[in-house]
file query-v9.txt (compact mmCIF, C-alpha atoms)
# COMPACT_ATOMS: atom_id res chain seq x y z
CA MET A 23 -35.66 2.61 -4.76
CA GLU A 24 -31.91 3.22 -4.76
CA LYS A 25 -30.71 5.66 -7.39
CA THR A 26 -29.10 4.15 -10.48
CA ILE A 27 -25.30 4.25 -10.35
CA VAL A 28 -22.60 4.27 -13.01
CA GLY A 29 -18.87 3.67 -12.91
CA ILE A 30 -15.86 2.58 -14.93
CA ALA A 31 -15.19 -1.08 -14.14
CA THR A 32 -11.75 -1.39 -15.75
CA PRO A 33 -8.43 0.06 -14.54
CA LEU A 34 -7.46 3.64 -15.33
CA GLY A 35 -5.24 4.07 -18.33
CA VAL A 36 -5.30 3.35 -22.05
CA GLY A 37 -6.31 -0.17 -23.11
CA GLY A 38 -7.95 -2.11 -25.88
CA ILE A 39 -11.29 -2.34 -24.06
CA GLY A 40 -12.83 -0.29 -21.25
CA ILE A 41 -16.06 -1.20 -19.46
CA VAL A 42 -18.67 1.15 -18.05
CA ARG A 43 -21.19 -0.46 -15.69
CA ILE A 44 -24.65 0.94 -14.95
CA SER A 45 -26.81 -0.59 -12.19
CA GLY A 46 -30.26 0.26 -10.85
CA GLY A 47 -33.92 0.55 -11.69
CA ASP A 48 -33.32 3.06 -14.48
CA ALA A 49 -30.26 1.34 -15.99
CA LEU A 50 -32.09 0.02 -19.07
CA LEU A 51 -33.94 3.30 -19.61
CA ILE A 52 -30.67 5.25 -19.49
CA ALA A 53 -28.91 2.79 -21.81
CA ARG A 54 -31.72 2.96 -24.38
CA LYS A 55 -31.13 6.70 -24.65
CA MET A 56 -27.41 6.17 -25.22
CA VAL A 57 -27.23 3.25 -27.68
CA ASP A 58 -28.87 2.85 -31.08
CA LYS A 59 -30.20 -0.72 -30.74
CA ASP A 60 -32.60 -2.58 -28.48
CA LEU A 61 -30.96 -4.68 -25.78
CA THR A 62 -32.02 -8.24 -25.05
CA PRO A 63 -31.20 -9.78 -21.65
CA ARG A 64 -27.95 -11.77 -21.59
CA VAL A 65 -27.17 -11.05 -25.24
CA ALA A 66 -24.06 -9.15 -26.37
CA THR A 67 -25.27 -6.48 -28.77
CA LEU A 68 -22.98 -4.67 -31.21
CA CYS A 69 -24.22 -1.08 -31.31
CA SER A 70 -23.17 2.55 -31.24
CA VAL A 71 -23.12 4.76 -28.16
CA SER A 72 -23.50 8.51 -28.52
CA VAL A 73 -22.66 11.15 -25.92
CA GLY A 74 -22.97 14.62 -27.39
CA GLU A 75 -20.67 14.76 -30.40
CA VAL A 76 -18.69 11.68 -29.25
CA ARG A 77 -19.66 8.36 -30.82
CA ASP A 78 -18.15 4.88 -30.49
CA GLU A 79 -18.94 1.37 -31.65
CA VAL A 80 -19.41 -0.78 -28.54
CA ILE A 81 -20.75 -4.07 -27.23
CA ALA A 82 -23.58 -3.63 -24.72
CA ILE A 83 -24.86 -6.41 -22.47
CA TYR A 84 -28.10 -6.21 -20.47
CA PHE A 85 -28.40 -8.30 -17.28
CA ALA A 86 -32.01 -8.14 -16.11
CA ALA A 87 -32.77 -8.17 -12.38
CA PRO A 88 -32.45 -10.28 -10.35
CA ASN A 89 -30.03 -12.27 -12.54
CA SER A 90 -27.12 -9.85 -12.36
CA TYR A 91 -24.08 -9.15 -10.22
CA THR A 92 -25.90 -6.57 -8.10
CA GLY A 93 -29.37 -8.14 -8.26
CA GLU A 94 -30.57 -5.00 -10.09
CA ASP A 95 -30.83 -4.25 -13.81
CA VAL A 96 -27.24 -3.94 -15.01
CA ILE A 97 -25.89 -2.66 -18.30
CA GLU A 98 -22.25 -3.17 -19.23
CA ILE A 99 -20.89 -1.12 -22.13
CA GLN A 100 -17.63 -2.41 -23.58
CA ALA A 101 -16.07 0.51 -25.43
CA HIS A 102 -12.61 1.30 -26.72
CA GLY A 103 -10.30 1.77 -23.73
CA ASN A 104 -9.65 5.48 -23.94
CA PRO A 105 -10.06 7.03 -20.46
CA LEU A 106 -11.54 10.22 -21.91
CA LEU A 107 -14.10 8.23 -23.91
CA LEU A 108 -15.11 6.16 -20.87
CA LYS A 109 -15.44 9.34 -18.81
CA LYS A 110 -17.73 10.78 -21.50
CA ILE A 111 -19.96 7.68 -21.35
CA VAL A 112 -20.18 8.03 -17.56
CA GLU A 113 -21.03 11.73 -17.91
CA GLY A 114 -23.75 10.81 -20.43
CA ALA A 115 -25.33 8.36 -17.96
CA VAL A 116 -25.15 10.99 -15.18
CA ASN A 117 -26.86 13.55 -17.41
CA LEU A 118 -29.67 11.00 -17.93
CA GLY A 119 -30.26 10.52 -14.20
CA ALA A 120 -27.58 8.21 -12.82
CA ARG A 121 -24.96 9.15 -10.24
CA VAL A 122 -21.33 8.12 -10.07
CA ALA A 123 -20.88 5.01 -7.93
CA THR A 124 -18.81 5.20 -4.77
CA ALA A 125 -15.93 2.78 -4.14
CA GLY A 126 -17.23 -0.79 -3.88
CA GLU A 127 -20.86 0.25 -4.29
CA PHE A 128 -21.68 -2.37 -6.94
CA THR A 129 -20.49 -5.17 -4.62
CA LYS A 130 -22.21 -3.54 -1.64
CA ARG A 131 -25.50 -3.64 -3.54
CA ALA A 132 -24.81 -7.29 -4.43
CA PHE A 133 -24.53 -8.03 -0.70
CA LEU A 134 -27.59 -6.00 0.29
CA ASN A 135 -29.64 -7.71 -2.44
CA GLY A 136 -28.59 -11.18 -1.27
CA LYS A 137 -26.45 -11.97 -4.32
CA VAL A 138 -23.25 -12.55 -2.37
CA ALA A 139 -22.43 -13.29 1.29
CA LEU A 140 -20.34 -10.71 3.16
CA ASP A 141 -17.26 -12.94 3.48
CA ARG A 142 -17.35 -13.60 -0.28
CA ALA A 143 -17.91 -9.90 -1.00
CA GLU A 144 -14.84 -8.98 1.05
CA SER A 145 -12.77 -11.60 -0.78
CA VAL A 146 -13.52 -9.81 -4.07
CA ALA A 147 -11.23 -6.97 -2.99
CA ASP A 148 -8.61 -9.52 -1.89
CA ILE A 149 -8.71 -11.19 -5.33
CA ILE A 150 -8.29 -7.84 -7.07
CA ASN A 151 -5.44 -6.71 -4.81
CA ALA A 152 -3.59 -10.04 -4.51
CA GLU A 153 0.12 -9.63 -5.24
CA SER A 154 1.33 -13.20 -4.76
CA GLU A 155 0.18 -16.60 -5.95
CA ALA A 156 -0.43 -17.71 -2.35
CA GLU A 157 -2.54 -14.61 -1.69
CA LEU A 158 -4.55 -15.13 -4.88
CA LYS A 159 -5.22 -18.80 -4.10
CA THR A 160 -6.36 -17.99 -0.58
CA ALA A 161 -8.61 -15.14 -1.77
CA SER A 162 -10.11 -17.37 -4.47
CA ARG A 163 -10.89 -20.06 -1.89
CA ALA A 164 -12.47 -17.45 0.37
CA PHE A 165 -14.66 -16.35 -2.56
CA SER A 166 -15.72 -19.98 -3.03
CA GLY A 167 -17.14 -19.90 0.51
CA VAL A 168 -14.58 -21.72 2.68
CA ILE A 169 -14.65 -18.98 5.33
CA ALA A 170 -18.42 -19.23 5.60
CA SER A 171 -18.19 -23.03 5.79
CA ALA A 172 -15.93 -22.66 8.84
CA ILE A 173 -17.74 -19.79 10.58
CA SER A 174 -21.45 -20.30 9.80
CA PRO A 175 -21.61 -23.56 11.84
CA ILE A 176 -20.22 -21.62 14.82
CA GLU A 177 -23.00 -19.07 14.44
CA SER A 178 -25.61 -21.84 14.25
CA LEU A 179 -24.23 -23.52 17.38
CA LEU A 180 -24.40 -20.22 19.27
CA PHE A 181 -28.02 -19.74 18.19
CA ASP A 182 -28.93 -23.24 19.42
CA LEU A 183 -27.08 -22.68 22.73
CA ARG A 184 -28.94 -19.44 23.34
CA ALA A 185 -32.22 -21.25 22.72
CA SER A 186 -31.25 -23.92 25.25
CA VAL A 187 -30.28 -21.35 27.90
CA GLU A 188 -33.48 -19.37 27.37
CA ALA A 189 -35.49 -22.59 27.69
CA MET A 190 -33.78 -23.22 31.04
CA LEU A 191 -34.78 -19.71 32.12
CA ASP A 192 -38.39 -20.07 30.96
CA TYR A 193 -39.05 -23.70 31.97
CA PRO A 194 -36.64 -24.59 34.80
CA GLU A 195 -39.05 -27.10 36.28
CA SER A 196 -39.12 -29.28 33.16
CA ILE A 197 -35.36 -29.36 32.49
CA GLU A 198 -32.57 -31.18 34.28
CA ILE A 199 -30.45 -28.08 34.91
CA GLU A 200 -27.20 -29.83 35.84
CA THR A 201 -27.29 -32.17 32.83
CA GLU A 202 -28.23 -29.40 30.41
CA THR A 203 -25.54 -27.07 31.79
CA ALA A 204 -22.92 -29.77 31.24
CA LYS A 205 -24.05 -30.12 27.61
CA ILE A 206 -23.84 -26.35 27.14
CA LYS A 207 -20.33 -26.21 28.61
CA SER A 208 -19.25 -29.01 26.29
CA SER A 209 -20.67 -27.21 23.25
CA ILE A 210 -18.99 -23.95 24.27
CA ASN A 211 -15.65 -25.75 24.60
CA ASP A 212 -16.16 -27.07 21.08
CA ILE A 213 -16.83 -23.54 19.82
CA LYS A 214 -13.73 -22.26 21.61
CA LYS A 215 -11.56 -24.85 19.88
CA ARG A 216 -12.99 -23.91 16.49
CA VAL A 217 -12.41 -20.20 17.11
CA GLU A 218 -8.90 -20.82 18.45
CA THR A 219 -8.05 -22.83 15.31
CA LEU A 220 -9.22 -19.99 13.08
CA ILE A 221 -7.26 -17.42 15.12
CA ALA A 222 -4.14 -19.59 14.92
CA SER A 223 -4.51 -19.71 11.12
CA ALA A 224 -4.34 -15.91 11.06
CA GLN A 225 -0.59 -16.01 11.76
CA THR A 226 0.00 -17.85 8.48
CA GLY A 227 -2.75 -15.73 6.94
CA ALA A 228 -0.75 -12.60 7.74
CA VAL A 229 2.25 -14.04 5.89
CA ILE A 230 0.04 -14.83 2.89
CA ARG A 231 -1.49 -11.34 2.98
CA ASP A 232 1.53 -9.18 3.83
CA GLY A 233 4.45 -11.38 2.81
CA ILE A 234 7.63 -11.95 4.79
CA ARG A 235 9.73 -8.92 5.70
CA VAL A 236 13.37 -9.95 5.24
CA VAL A 237 15.85 -7.35 6.49
CA ILE A 238 19.52 -7.41 5.47
CA VAL A 239 21.79 -5.98 8.20
CA GLY A 240 25.51 -5.67 8.78
CA LYS A 241 28.27 -3.11 9.04
CA PRO A 242 29.33 -1.07 5.95
CA ASN A 243 30.98 -2.84 3.01
CA VAL A 244 30.21 -6.42 4.05
CA GLY A 245 28.23 -7.01 0.84
CA LYS A 246 24.66 -6.23 1.97
CA SER A 247 23.77 -4.21 -1.12
CA THR A 248 25.47 -6.70 -3.42
CA LEU A 249 23.37 -9.49 -1.90
CA PHE A 250 20.26 -7.29 -2.16
CA ASN A 251 20.82 -6.55 -5.85
CA VAL A 252 21.73 -10.11 -6.84
CA MET A 253 18.68 -11.53 -5.05
CA LEU A 254 16.44 -9.09 -6.91
CA GLY A 255 18.24 -9.50 -10.22
CA VAL A 256 18.47 -5.71 -10.69
CA GLU A 257 20.90 -2.97 -9.65
CA ARG A 258 18.60 -1.40 -7.04
CA SER A 259 21.14 -0.41 -4.35
CA ILE A 260 24.21 1.68 -5.17
CA ILE A 261 27.45 -0.25 -4.62
CA THR A 262 30.84 1.44 -4.07
CA ASP A 263 33.98 0.82 -2.05
CA ILE A 264 33.12 3.86 0.06
CA SER A 265 31.78 2.99 3.52
CA GLY A 266 28.31 4.31 4.28
CA THR A 267 27.02 4.44 0.67
CA THR A 268 23.61 3.16 1.80
CA THR A 269 22.28 5.82 4.18
CA ASP A 270 18.62 4.78 4.38
CA ILE A 271 16.51 1.66 4.08
CA ILE A 272 15.65 0.50 0.56
CA SER A 273 12.97 -2.11 -0.04
CA GLU A 274 11.76 -4.15 -3.00
CA THR A 275 9.39 -7.09 -3.45
CA PHE A 276 9.95 -10.43 -5.13
CA PHE A 277 8.45 -13.90 -4.77
CA ILE A 278 9.65 -17.28 -3.56
CA ASP A 279 7.35 -20.31 -3.97
CA GLY A 280 4.37 -18.02 -4.50
CA VAL A 281 4.96 -16.06 -1.27
CA LYS A 282 5.73 -12.34 -1.31
CA ILE A 283 9.14 -11.39 0.08
CA CYS A 284 9.65 -7.77 1.14
CA LEU A 285 13.43 -7.47 0.96
CA VAL A 286 14.97 -4.55 2.86
CA ASP A 287 18.52 -3.23 2.49
CA THR A 288 19.71 -1.12 5.45
CA ALA A 289 22.44 1.35 6.26
CA GLY A 290 25.62 -0.19 7.59
CA ILE A 291 25.64 -0.29 11.39
CA ARG A 292 28.59 1.59 12.88
CA THR A 293 29.39 4.72 14.89
CA THR A 294 29.47 7.76 12.60
CA LYS A 295 29.59 11.56 12.86
CA ASN A 296 27.67 11.94 9.60
CA VAL A 297 24.16 13.09 10.64
CA ILE A 298 22.41 11.57 7.61
CA GLU A 299 24.22 8.25 7.98
CA ARG A 300 23.44 8.23 11.73
CA PHE A 301 19.73 8.54 11.00
CA GLY A 302 20.11 5.62 8.58
CA VAL A 303 21.78 3.51 11.28
CA GLU A 304 18.89 4.29 13.66
CA ARG A 305 16.44 3.15 11.02
CA SER A 306 18.45 -0.04 10.59
CA HIS A 307 17.87 -0.78 14.29
CA ASP A 308 14.12 -0.18 13.82
CA ALA A 309 14.10 -2.42 10.73
CA ILE A 310 15.63 -5.28 12.73
CA ASP A 311 12.85 -4.96 15.32
CA GLY A 312 10.17 -5.10 12.60
CA ALA A 313 11.69 -8.00 10.62
CA ASP A 314 10.11 -11.42 10.18
CA LEU A 315 13.53 -12.72 9.17
CA VAL A 316 16.96 -11.09 9.49
CA LEU A 317 19.80 -11.76 7.06
CA ALA A 318 22.85 -10.83 9.13
CA VAL A 319 25.75 -10.35 6.73
CA PHE A 320 29.39 -10.43 7.86
CA ASP A 321 32.63 -10.09 5.91
CA SER A 322 34.40 -13.36 6.72
CA SER A 323 37.62 -12.21 5.00
CA VAL A 324 38.46 -9.71 7.78
CA GLU A 325 38.83 -10.01 11.54
CA ILE A 326 35.76 -9.48 13.69
CA ASP A 327 35.53 -5.99 15.19
CA GLU A 328 33.40 -4.06 17.70
CA PHE A 329 30.66 -3.31 15.15
CA ASP A 330 30.30 -7.00 14.28
CA VAL A 331 30.00 -7.74 18.01
CA GLU A 332 27.27 -5.10 18.36
CA ILE A 333 25.34 -6.59 15.43
CA ILE A 334 25.64 -10.11 16.86
CA LYS A 335 24.08 -8.81 20.10
CA LEU A 336 21.26 -7.11 18.17
CA ILE A 337 20.31 -10.24 16.22
CA ARG A 338 21.01 -12.94 18.82
CA ASP A 339 17.35 -13.58 19.70
CA LYS A 340 15.93 -12.83 16.26
CA ASN A 341 14.64 -15.24 13.63
CA LYS A 342 17.71 -15.06 11.40
CA ILE A 343 20.08 -16.49 8.87
CA VAL A 344 23.74 -15.61 9.43
CA VAL A 345 25.51 -14.98 6.12
CA LEU A 346 29.31 -15.24 6.22
CA ASN A 347 30.05 -13.44 2.98
CA LYS A 348 33.11 -13.05 0.71
CA GLN A 349 34.00 -16.73 0.74
CA ASP A 350 35.77 -16.13 -2.57
CA LEU A 351 38.48 -14.57 -0.39
CA THR A 352 40.31 -16.24 2.48
CA GLU A 353 38.14 -16.75 5.55
CA LYS A 354 39.55 -15.64 8.90
CA LYS A 355 39.56 -18.44 11.48
CA CYS A 356 37.93 -16.28 14.18
CA TRP A 357 34.50 -16.61 12.50
CA ASN A 358 34.27 -20.32 13.25
CA ALA A 359 34.44 -19.63 17.00
CA ILE A 360 31.60 -17.08 17.14
CA ASP A 361 28.36 -17.90 18.97
CA PHE A 362 25.59 -16.30 16.92
CA GLY A 363 22.78 -17.81 18.97
CA SER A 364 19.99 -19.78 17.29
CA GLY A 365 19.60 -19.74 13.53
CA GLU A 366 21.40 -21.10 10.51
CA ILE A 367 24.86 -20.07 9.32
CA ILE A 368 25.66 -20.15 5.61
CA LYS A 369 28.92 -19.33 3.87
CA VAL A 370 28.60 -17.64 0.48
CA SER A 371 30.04 -15.20 -1.98
CA ALA A 372 27.26 -12.76 -2.86
CA LYS A 373 29.13 -11.76 -6.02
CA LEU A 374 29.07 -15.34 -7.28
CA SER A 375 26.23 -17.79 -6.54
CA GLY A 376 25.58 -16.78 -2.94
CA ALA A 377 22.18 -15.22 -3.54
CA GLU A 378 20.71 -18.52 -4.72
CA THR A 379 21.92 -20.22 -1.54
CA VAL A 380 20.24 -17.52 0.55
CA LYS A 381 17.02 -17.84 -1.46
CA LYS A 382 16.99 -21.60 -0.87
CA LYS A 383 17.29 -21.03 2.89
CA ILE A 384 14.40 -18.54 2.79
CA ALA A 385 12.39 -21.08 0.79
CA GLU A 386 13.01 -23.63 3.55
CA LYS A 387 11.67 -21.12 6.09
CA ILE A 388 8.54 -20.66 3.95
CA ALA A 389 8.09 -24.44 3.64
CA GLY A 390 8.23 -24.60 7.43
CA LEU A 391 5.09 -22.47 7.60
CA ASN A 392 3.16 -25.39 6.04
CA ILE A 393 1.02 -23.20 3.79
CA ASN A 394 -1.58 -25.65 2.51
CA GLY A 395 -3.62 -24.50 -0.48
CA ASP A 396 -6.62 -26.51 0.74
CA ALA A 397 -6.61 -25.18 4.31
CA VAL A 398 -8.73 -22.33 5.69
CA TYR A 399 -6.67 -19.26 6.60
CA ILE A 400 -7.97 -16.05 8.13
CA THR A 401 -6.24 -13.36 6.06
CA ASN A 402 -8.73 -10.57 6.78
CA LYS A 403 -7.60 -8.48 9.78
CA ARG A 404 -11.21 -7.48 10.57
CA HIS A 405 -12.20 -11.14 10.81
CA GLU A 406 -9.20 -11.89 13.04
CA ASP A 407 -10.05 -9.07 15.45
CA LEU A 408 -13.70 -10.17 15.65
CA LEU A 409 -12.68 -13.77 16.35
CA LYS A 410 -10.31 -12.65 19.10
CA SER A 411 -13.11 -10.59 20.69
CA ALA A 412 -15.46 -13.57 20.41
CA LEU A 413 -12.93 -15.84 22.13
CA LYS A 414 -12.45 -13.36 24.95
CA ASN A 415 -16.21 -13.19 25.49
CA LEU A 416 -16.44 -17.00 25.43
CA ASN A 417 -13.78 -17.21 28.13
CA ASP A 418 -15.66 -14.62 30.22
CA LEU A 419 -19.05 -16.41 30.14
CA ASP A 420 -20.80 -16.67 33.52
CA PHE A 421 -22.32 -20.13 34.08
CA ASP A 422 -23.64 -19.29 37.52
CA LYS A 423 -26.36 -16.99 36.21
CA MET A 424 -28.34 -18.19 33.22
CA ASP A 425 -29.55 -14.70 32.24
CA LEU A 426 -25.93 -13.44 32.07
CA LEU A 427 -24.95 -16.55 30.13
CA ALA A 428 -27.70 -15.88 27.58
CA SER A 429 -26.63 -12.24 27.11
CA GLY A 430 -22.97 -13.31 26.87
CA LEU A 431 -23.76 -15.84 24.16
CA LEU A 432 -25.71 -13.14 22.28
CA GLN A 433 -22.65 -10.88 22.35
CA VAL A 434 -20.52 -13.67 20.89
CA GLN A 435 -23.15 -14.45 18.27
CA ASN A 436 -23.28 -10.78 17.24
CA LEU A 437 -19.49 -10.69 16.84
CA ILE A 438 -19.56 -13.77 14.62
CA GLY A 439 -22.49 -12.22 12.76
CA GLU A 440 -20.28 -9.28 11.83
CA ILE A 441 -18.19 -11.75 9.81
CA THR A 442 -21.09 -13.61 8.15
CA GLY A 443 -23.08 -10.42 7.63
CA SER A 444 -26.10 -11.42 9.72
CA ASN A 445 -25.26 -8.64 12.20
CA ILE A 446 -23.77 -5.68 10.39
CA THR A 447 -24.25 -1.92 10.56
CA GLU A 448 -24.36 0.54 7.68
CA LYS A 449 -21.26 2.26 9.09
CA THR A 450 -19.31 -1.02 9.05
CA LEU A 451 -20.48 -1.81 5.52
CA ASP A 452 -19.36 1.61 4.33
CA ALA A 453 -15.94 1.05 5.95
CA ILE A 454 -15.59 -2.38 4.30
CA PHE A 455 -16.59 -1.36 0.80
CA SER A 456 -14.73 1.96 0.84
CA LYS A 457 -11.55 -0.13 0.48
CA PHE A 458 -12.75 -1.46 -2.88
CA CYS A 459 -11.78 0.11 -6.18
CA LEU A 460 -14.22 2.34 -8.03
CA GLY A 461 -16.45 0.41 -10.41
CA LYS A 462 -16.44 -2.82 -8.35

call {"tool": "encode", "arguments": {"input": "query-v9.txt", "output": "structure tokens"}}
result
Amino acid sequence: MEKTIVGIATPLGVGGIGIVRISGGDALLIARKMVDKDLTPRVATLCSVSVGEVRDEVIAIYFAAPNSYTGEDVIEIQAHGNPLLLKKIVEGAVNLGARVATAGEFTKRAFLNGKVALDRAESVADIINAESEAELKTASRAFSGVIASAISPIESLLFDLRASVEAMLDYPESIEIETETAKIKSSINDIKKRVETLIASAQTGAVIRDGIRVVIVGKPNVGKSTLFNVMLGVERSIITDISGTTTDIISETFFIDGVKICLVDTAGIRTTKNVIERFGVERSHDAIDGADLVLAVFDSSVEIDEFDVEIIKLIRDKNKIVVLNKQDLTEKKCWNAIDFGSGEIIKVSAKLSGAETVKKKIAEKIAGLNINGDAVYITNKRHEDLLKSALKNLNDLDFDKMDLLASGLLQVQNLIGEITGSNITEKTLDAIFSKFCLGK
């Protein structure tokens, strides 16, 4: 029997309520030695908990196995949310025979005891860590089982295909090989299409998970930092009339239509003898390369110069919005003749209402992603990598030798099984659940 574990299930810090969770075969025995009343399954009991000289009035709830989150006996003690008090309760349980739970161990036990499928268990961490509305919706749908509903049929098809191939190997005289092989090829093509669709969804899934990295670039004093601050609604970047004020990248997060936007302000791109500023310019170049969307800002009230030309070359083939700023001043005619390459051109005054115009254009880009709340998106990088490996193996299947085909299908089935949990190692489980918070 696994040793009983204990952990704090609420975030660190002072709060009105803090929860300590105990799970395992000795959970009830340990709790009885800590509280002053008998506990009835699925009943919230007002009682006192005592740990040495520390005493608190708490609510204790007993979930009897197997009707609990972990499938084991579970006790949840809802105490006052003082971190020191919660730590004392944990220490009391440890002194009575429990051990402190590792990260994600409660959910790991839920999986091992058949209380939750692996894809749903992984989505628990995604729900907890979601930063945007889109990410939370997708994680909630994954917890409801939509990933399993898309992937489990693939695993079943692979199992049936392997059975068919092995039957051809064992009883070749009673099977029409050519006809059966054609059926197998057709089924494998169907599986490929399903896997390819899931892999394709991972591109949008990455946006949902990581957000969109929007990098503001331009030469010094074109209004990059002004645009950055106004879009955020806070004075995050320092603004002066001195060129080169921003010497490094600065990033902040905000949200547009439920999608996380990672907004990055960069050092002005120009030739400089200042070592610190030069490093900042180099980082600006790197930021452009790593951007999902570039906001290229130009001062339309002055003539174009060599640094503007360099920036236009840098962003020509990028996914971008060209921002001709300082429209509150007189625009120079030369800007209307510039070829910026593909992408939209907007004319704004960042000091006035320009930021809202830029936000609307970004919103249009997001709408173009067609993020559908009812669709299935692969947001888990581990799942994406396994699906890509499965597709590669499907493309490499050998139909000329049935024994190699059978082993190839088994490899694909095992890869899919690492998503559903039917084929998982202890090492992989530890890696998955180590990313969870303590107490979950």

call {"tool": "atom_distance", "arguments": {"input": "query-v9.txt", "atom1": "CA of Leu460 (chain A)", "atom2": "CA of Lys130 (chain A)"}}
result
11.8 Å

call {"tool": "residues_around", "arguments": {"input": "query-v9.txt", "residues": "region 113-120 of chain A", "least_positions_apart": "5", "cutoff": "8 Å", "atoms": "all atoms listed in the file", "output": "mmCIF file with C-alpha atoms, in the frame of the given file"}}
result
data_model
loop_
_atom_site.group_PDB
_atom_site.id
_atom_site.type_symbol
_atom_site.label_atom_id
_atom_site.label_comp_id
_atom_site.auth_asym_id
_atom_site.auth_seq_id
_atom_site.Cartn_x
_atom_site.Cartn_y
_atom_site.Cartn_z
ATOM 1 C CA LYS A 25 -30.710 5.660 -7.390
ATOM 2 C CA THR A 26 -29.100 4.150 -10.480
ATOM 3 C CA ILE A 27 -25.300 4.250 -10.350
ATOM 4 C CA VAL A 28 -22.600 4.270 -13.010
ATOM 5 C CA ASP A 48 -33.320 3.060 -14.480
ATOM 6 C CA ILE A 52 -30.670 5.250 -19.490
ATOM 7 C CA ALA A 53 -28.910 2.790 -21.810
ATOM 8 C CA MET A 56 -27.410 6.170 -25.220
ATOM 9 C CA VAL A 73 -22.660 11.150 -25.920
ATOM 10 C CA GLY A 74 -22.970 14.620 -27.390
#

call {"tool": "closest_residue", "arguments": {"input": "query-v9.txt", "among": "A:Ile197, A:Leu416, A:Gly29, A:Leu432", "to": "Ala125 (chain A)", "atoms": "only C-alpha atoms"}}
result
A:Gly29

call {"tool": "residues_around", "arguments": {"input": "query-v9.txt", "residues": "Leu179 (chain A)", "least_positions_apart": "6", "cutoff": "12 Å", "atoms": "only C-alpha atoms", "output": "tab-separated table (two decimals) with C-alpha atoms, keeping the file's coordinate frame"}}
result
chain	number	residue	atom	x	y	z
A	172	ALA	CA	-15.93	-22.66	8.84
A	173	ILE	CA	-17.74	-19.79	10.58
A	185	ALA	CA	-32.22	-21.25	22.72
A	186	SER	CA	-31.25	-23.92	25.25
A	206	ILE	CA	-23.84	-26.35	27.14
A	208	SER	CA	-19.25	-29.01	26.29
A	209	SER	CA	-20.67	-27.21	23.25
A	210	ILE	CA	-18.99	-23.95	24.27
A	211	ASN	CA	-15.65	-25.75	24.60
A	212	ASP	CA	-16.16	-27.07	21.08
A	213	ILE	CA	-16.83	-23.54	19.82
A	214	LYS	CA	-13.73	-22.26	21.61
A	216	ARG	CA	-12.99	-23.91	16.49
A	431	LEU	CA	-23.76	-15.84	24.16
A	432	LEU	CA	-25.71	-13.14	22.28
A	434	VAL	CA	-20.52	-13.67	20.89
A	435	GLN	CA	-23.15	-14.45	18.27
A	438	ILE	CA	-19.56	-13.77	14.62

call {"tool": "residues_around", "arguments": {"input": "query-v9.txt", "residues": "Glu353 (chain A)", "least_positions_apart": "2", "cutoff": "12 Å", "atoms": "all atoms listed in the file", "output": "PyMOL selection string"}}
result
chain A and resi 320-326+346-351+355-358+369-371

call {"tool": "residues_around", "arguments": {"input": "query-v9.txt", "residues": "Phe277 (chain A)", "least_positions_apart": "6", "cutoff": "9 Å", "atoms": "only C-alpha atoms", "output": "short mmCIF file (atom, residue, chain, number, x, y, z; two decimals) with C-alpha atoms, in the frame of the given file"}}
result
data_model
loop_
_atom_site.label_atom_id
_atom_site.label_comp_id
_atom_site.auth_asym_id
_atom_site.auth_seq_id
_atom_site.Cartn_x
_atom_site.Cartn_y
_atom_site.Cartn_z
CA SER A 154 1.33 -13.20 -4.76
CA GLU A 155 0.18 -16.60 -5.95
CA GLY A 233 4.45 -11.38 2.81
CA ILE A 283 9.14 -11.39 0.08
CA CYS A 284 9.65 -7.77 1.14
#

call {"tool": "residues_around", "arguments": {"input": "query-v9.txt", "residues": "Ala49 (chain A)", "least_positions_apart": "6", "cutoff": "8 Å", "atoms": "only C-alpha atoms", "output": "compact mmCIF listing (two decimals) with C-alpha atoms, in the frame of the given file"}}
result
# COMPACT_ATOMS: atom_id res chain seq x y z
CA THR A 26 -29.10 4.15 -10.48
CA ASP A 95 -30.83 -4.25 -13.81
CA VAL A 96 -27.24 -3.94 -15.01
CA ILE A 97 -25.89 -2.66 -18.30

call {"tool": "atom_distance", "arguments": {"input": "query-v9.txt", "atom1": "CA of Leu437 (chain A)", "atom2": "CA of Thr450 (chain A)"}}
result
12.4 Å

call {"tool": "atom_distance", "arguments": {"input": "query-v9.txt", "atom1": "CA of Ser223 (chain A)", "atom2": "CA of Ser364 (chain A)"}}
result
25.3 Å

call {"tool": "build_atoms", "arguments": {"input": "query-v9.txt", "residues": "region 209-214 of chain A", "atoms": "N, CA and C atoms", "output": "compact mmCIF listing (two decimals), in the frame of the given file"}}
result
# COMPACT_ATOMS: atom_id res chain seq x y z
N SER A 209 -20.50 -27.86 24.56
CA SER A 209 -20.67 -27.21 23.25
C SER A 209 -19.83 -25.93 23.16
N ILE A 210 -19.78 -25.19 24.26
CA ILE A 210 -18.99 -23.95 24.27
C ILE A 210 -17.50 -24.26 24.13
N ASN A 211 -17.05 -25.33 24.76
CA ASN A 211 -15.65 -25.75 24.60
C ASN A 211 -15.34 -26.11 23.15
N ASP A 212 -16.32 -26.73 22.50
CA ASP A 212 -16.16 -27.07 21.08
C ASP A 212 -16.04 -25.80 20.24
N ILE A 213 -16.88 -24.81 20.54
CA ILE A 213 -16.83 -23.54 19.82
C ILE A 213 -15.49 -22.85 20.05
N LYS A 214 -15.03 -22.87 21.30
CA LYS A 214 -13.73 -22.26 21.61
C LYS A 214 -12.62 -22.86 20.76
